[in-house]
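Asks: My questions will all concern the structure given below.
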Amino acid sequence: MTQAYGWYGRADLRGDTAGIVSRGLAAVVDFLVATGLGLALELAAGCARMAFTGPPFKMPDLPGWATVLGGWVIAVLYLTAGWAMVGRTVGTGLMGLRVARRTGRPVKIPRALLRAVLCVTFPWGLLWVPFSRRDASLQDLLTSTAVRYDPP
Amino acid sequence: MMRRAAAPGLLDGMIALRVLGPVHTVASLGRLALGTAAGVADALLRTATNAVADRIDLDGLVARVDLDRAVERVDIDRIVDRVDVGRVVDRVDVDEIVDRVDIDRIMDRLDLDAIADRLDVDRIADRVDVGRVAGRVDVNTIADGVDVARVADRIDVNRVADRVDLARITDRVDVDRIVSRADIDAVIARIDLAGLAKEVLEEIDLGRIVRDTGGGMAGETVDAFRARSMRADRRIDRVADRLLHRVAPASGDEPGTAPGRVP
């Protein structure tokens, strides 16, 4: 066990709830991934437009609100898909974390969607983790979920 | 009677004179006399000539001849003009002359060095029509007669290579000019880059190297990063517990909960 989870230093920490540092870093990575997805979509839209209307290539010039809304939707869909399908996103996977229900069972799409909406809308809810006795963010409290160490 | 005896001869002569004529008789007698005189004179001349010839001192005469003066008086040009050279040449038997020539003896007496010194090679070369000579040369026939394999066997390649100054040759090579004349696109088009890359990758097994090195290094790096994050998590948890005056046991109260935390 120690060899399998050498990065922990203590094998019995597997399954323990993760702290704010690991979850914060995972959130940063997920933000970057969602941003990259948004840029990729914009690039694809520009390419599609050039394919239909011809050159020159030009990125879509969206208004501010549309950009924010699009980014919000992309982030929500990205987080929901990751948590509901494999229990982790790119960020949580990189940090060796897994999102599950408080009982340890996998989250399903409705709960994952609600948690994603809350995380994207109120990201500062993560700051509650150090003050929670079970390292729960506000989103975890509202959706009865937990983030635990679970390296792939 | 006597008169009568002598008288008949005279009589006959007179008769002959009377019959033949006096002119004819005189002419006959003249011819007889002249013939007799010529014979006598010829005999006398022969006798005298032999006697003179016997008494002539030829050596003395020759010694007294002034040959130089005689030669000066000879008109050579006139003599030459009267010589029929063609007829003389026709009468010459060249084969016989050649047979009688001793070539070896002539060659022994030849001073080849002196002849070579007197030769104006440049002048000879100027008069040689090289183009015409080259035009008459059948290169294919010469090439057919050359035993290339035998020539190649006699070539000492190593010795030739030793005499080649590669540095000097490479200094004279204009690489930029060569590259500018090269059709890189055509070369690339003839190369199966995909197949080549595939063969190279199969040969070096790049995937295994990436897995063994890059993958291992990335895994170790991620593990170290996760461990540092976990320790930071626990440190912040302890700080928060201290601020909130919460009791922090050494281990978790329940599986699935961070050490010192409640489920």
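Chain identifiers are assigned as A, B, and so on, following the order in which chains appear in the structure tokens; residues are numbered from 1 within each chain, and ligands are numbered from 1 in order of appearance.
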Using only C-alpha atoms, which chain A residues lie at most 10 Å away from chain B, written as a ChimeraX atom specification?

Replies: /A:5-10,12-25,94-97,102-104,129-136,146-149,151

Asks: With N, CA and C atoms retained, could you export that selection as a CSV table (one decimal), in the first residue's frame?

Replies:
chain,number,residue,atom,x,y,z
A,5,TYR,N,0.8,4.1,-3.0
A,5,TYR,CA,0.4,5.4,-2.8
A,5,TYR,C,1.6,6.2,-2.1
A,6,GLY,N,2.7,6.0,-2.7
A,6,GLY,CA,3.9,6.7,-2.1
A,6,GLY,C,3.8,8.2,-2.1
A,7,TRP,N,3.0,8.8,-2.9
A,7,TRP,CA,2.9,10.2,-3.0
A,7,TRP,C,2.2,10.7,-1.7
A,8,TYR,N,1.5,9.9,-1.1
A,8,TYR,CA,0.8,10.3,0.2
A,8,TYR,C,1.7,10.3,1.3
A,9,GLY,N,2.7,9.3,1.3
A,9,GLY,CA,3.5,9.2,2.5
A,9,GLY,C,2.8,8.3,3.5
A,10,ARG,N,1.5,8.3,3.6
A,10,ARG,CA,0.7,7.4,4.5
A,10,ARG,C,-0.4,6.7,3.6
A,12,ASP,N,-2.8,5.0,4.5
A,12,ASP,CA,-4.2,5.1,5.1
A,12,ASP,C,-4.9,6.4,4.8
A,13,LEU,N,-4.2,7.3,4.1
A,13,LEU,CA,-4.9,8.6,3.8
A,13,LEU,C,-5.7,8.4,2.5
A,14,ARG,N,-5.6,7.3,1.8
A,14,ARG,CA,-6.5,7.2,0.6
A,14,ARG,C,-8.0,7.1,1.1
A,15,GLY,N,-8.7,8.0,0.4
A,15,GLY,CA,-10.1,8.0,0.8
A,15,GLY,C,-10.4,9.2,1.7
A,16,ASP,N,-9.4,9.8,2.3
A,16,ASP,CA,-9.6,10.9,3.2
A,16,ASP,C,-10.1,12.1,2.4
A,17,THR,N,-10.8,13.0,3.0
A,17,THR,CA,-11.3,14.2,2.4
A,17,THR,C,-10.1,15.1,2.1
A,18,ALA,N,-10.2,15.8,0.9
A,18,ALA,CA,-9.0,16.6,0.5
A,18,ALA,C,-9.2,18.0,1.0
A,19,GLY,N,-8.1,18.7,1.2
A,19,GLY,CA,-8.1,20.1,1.8
A,19,GLY,C,-8.2,21.1,0.7
A,20,ILE,N,-8.1,22.4,1.1
A,20,ILE,CA,-8.4,23.5,0.2
A,20,ILE,C,-7.2,23.6,-0.8
A,21,VAL,N,-6.0,23.3,-0.4
A,21,VAL,CA,-4.9,23.5,-1.4
A,21,VAL,C,-5.1,22.6,-2.6
A,22,SER,N,-5.3,21.3,-2.4
A,22,SER,CA,-5.4,20.3,-3.5
A,22,SER,C,-6.7,20.7,-4.3
A,23,ARG,N,-7.7,21.0,-3.6
A,23,ARG,CA,-9.0,21.3,-4.4
A,23,ARG,C,-8.9,22.7,-5.1
A,24,GLY,N,-8.2,23.6,-4.5
A,24,GLY,CA,-8.0,24.9,-5.1
A,24,GLY,C,-7.1,24.8,-6.4
A,25,LEU,N,-6.1,24.0,-6.3
A,25,LEU,CA,-5.2,23.8,-7.5
A,25,LEU,C,-6.0,23.0,-8.6
A,94,LEU,N,-5.7,15.3,-12.0
A,94,LEU,CA,-4.3,15.6,-11.9
A,94,LEU,C,-3.9,15.7,-10.4
A,95,MET,N,-4.7,16.1,-9.6
A,95,MET,CA,-4.4,16.2,-8.1
A,95,MET,C,-4.7,14.9,-7.4
A,96,GLY,N,-5.2,13.9,-8.1
A,96,GLY,CA,-5.5,12.6,-7.5
A,96,GLY,C,-6.7,12.7,-6.6
A,97,LEU,N,-7.7,13.4,-7.0
A,97,LEU,CA,-8.9,13.6,-6.2
A,97,LEU,C,-10.1,12.9,-6.9
A,102,ARG,N,-21.5,11.9,-0.2
A,102,ARG,CA,-20.9,11.8,1.1
A,102,ARG,C,-20.8,10.4,1.6
A,103,THR,N,-21.6,9.6,1.1
A,103,THR,CA,-21.6,8.2,1.4
A,103,THR,C,-20.5,7.4,0.7
A,104,GLY,N,-20.0,8.0,-0.3
A,104,GLY,CA,-18.9,7.4,-1.1
A,104,GLY,C,-19.4,6.9,-2.5
A,129,VAL,N,-13.8,25.2,3.1
A,129,VAL,CA,-13.2,23.9,3.4
A,129,VAL,C,-12.3,23.9,4.6
A,130,PRO,N,-11.5,24.9,4.9
A,130,PRO,CA,-10.6,24.8,6.1
A,130,PRO,C,-11.5,24.9,7.4
A,131,PHE,N,-12.6,25.5,7.3
A,131,PHE,CA,-13.4,25.7,8.5
A,131,PHE,C,-14.4,24.5,8.7
A,132,SER,N,-14.5,23.7,7.7
A,132,SER,CA,-15.5,22.5,7.9
A,132,SER,C,-14.7,21.4,8.5
A,133,ARG,N,-15.4,20.7,9.4
A,133,ARG,CA,-14.8,19.6,10.1
A,133,ARG,C,-14.6,18.4,9.2
A,134,ARG,N,-15.3,18.4,8.1
A,134,ARG,CA,-15.1,17.3,7.1
A,134,ARG,C,-14.6,17.8,5.7
A,135,ASP,N,-13.9,18.9,5.8
A,135,ASP,CA,-13.3,19.5,4.6
A,135,ASP,C,-14.4,19.7,3.4
A,136,ALA,N,-15.5,20.2,3.8
A,136,ALA,CA,-16.6,20.4,2.9
A,136,ALA,C,-16.7,21.9,2.5
A,146,ALA,N,-18.6,15.0,-1.4
A,146,ALA,CA,-17.3,15.1,-0.8
A,146,ALA,C,-16.2,14.9,-1.8
A,147,VAL,N,-15.0,15.5,-1.6
A,147,VAL,CA,-13.9,15.3,-2.4
A,147,VAL,C,-12.8,14.6,-1.7
A,148,ARG,N,-12.4,13.4,-2.1
A,148,ARG,CA,-11.5,12.6,-1.4
A,148,ARG,C,-10.2,12.3,-2.2
A,149,TYR,N,-9.1,12.0,-1.5
A,149,TYR,CA,-7.9,11.5,-2.2
A,149,TYR,C,-8.2,10.2,-2.8
A,151,PRO,N,-6.1,8.6,-5.9
A,151,PRO,CA,-5.2,8.7,-7.1
A,151,PRO,C,-5.6,7.6,-8.1

Asks: Among chain A, which ones does DSSP assign to strand (DSSP E) (computed from the backbone)? Answer as number ranges by chain.

Replies: A: 97-101, 145-149

Asks: Please compute the atom CA of Ile124 of chain B-atom CA of Ile103 of chain B distance, one decimal, in Å.

Replies: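 We find that atom CA of Ile124 of chain B and atom CA of Ile103 of chain B lie 25.9 Å from each other.
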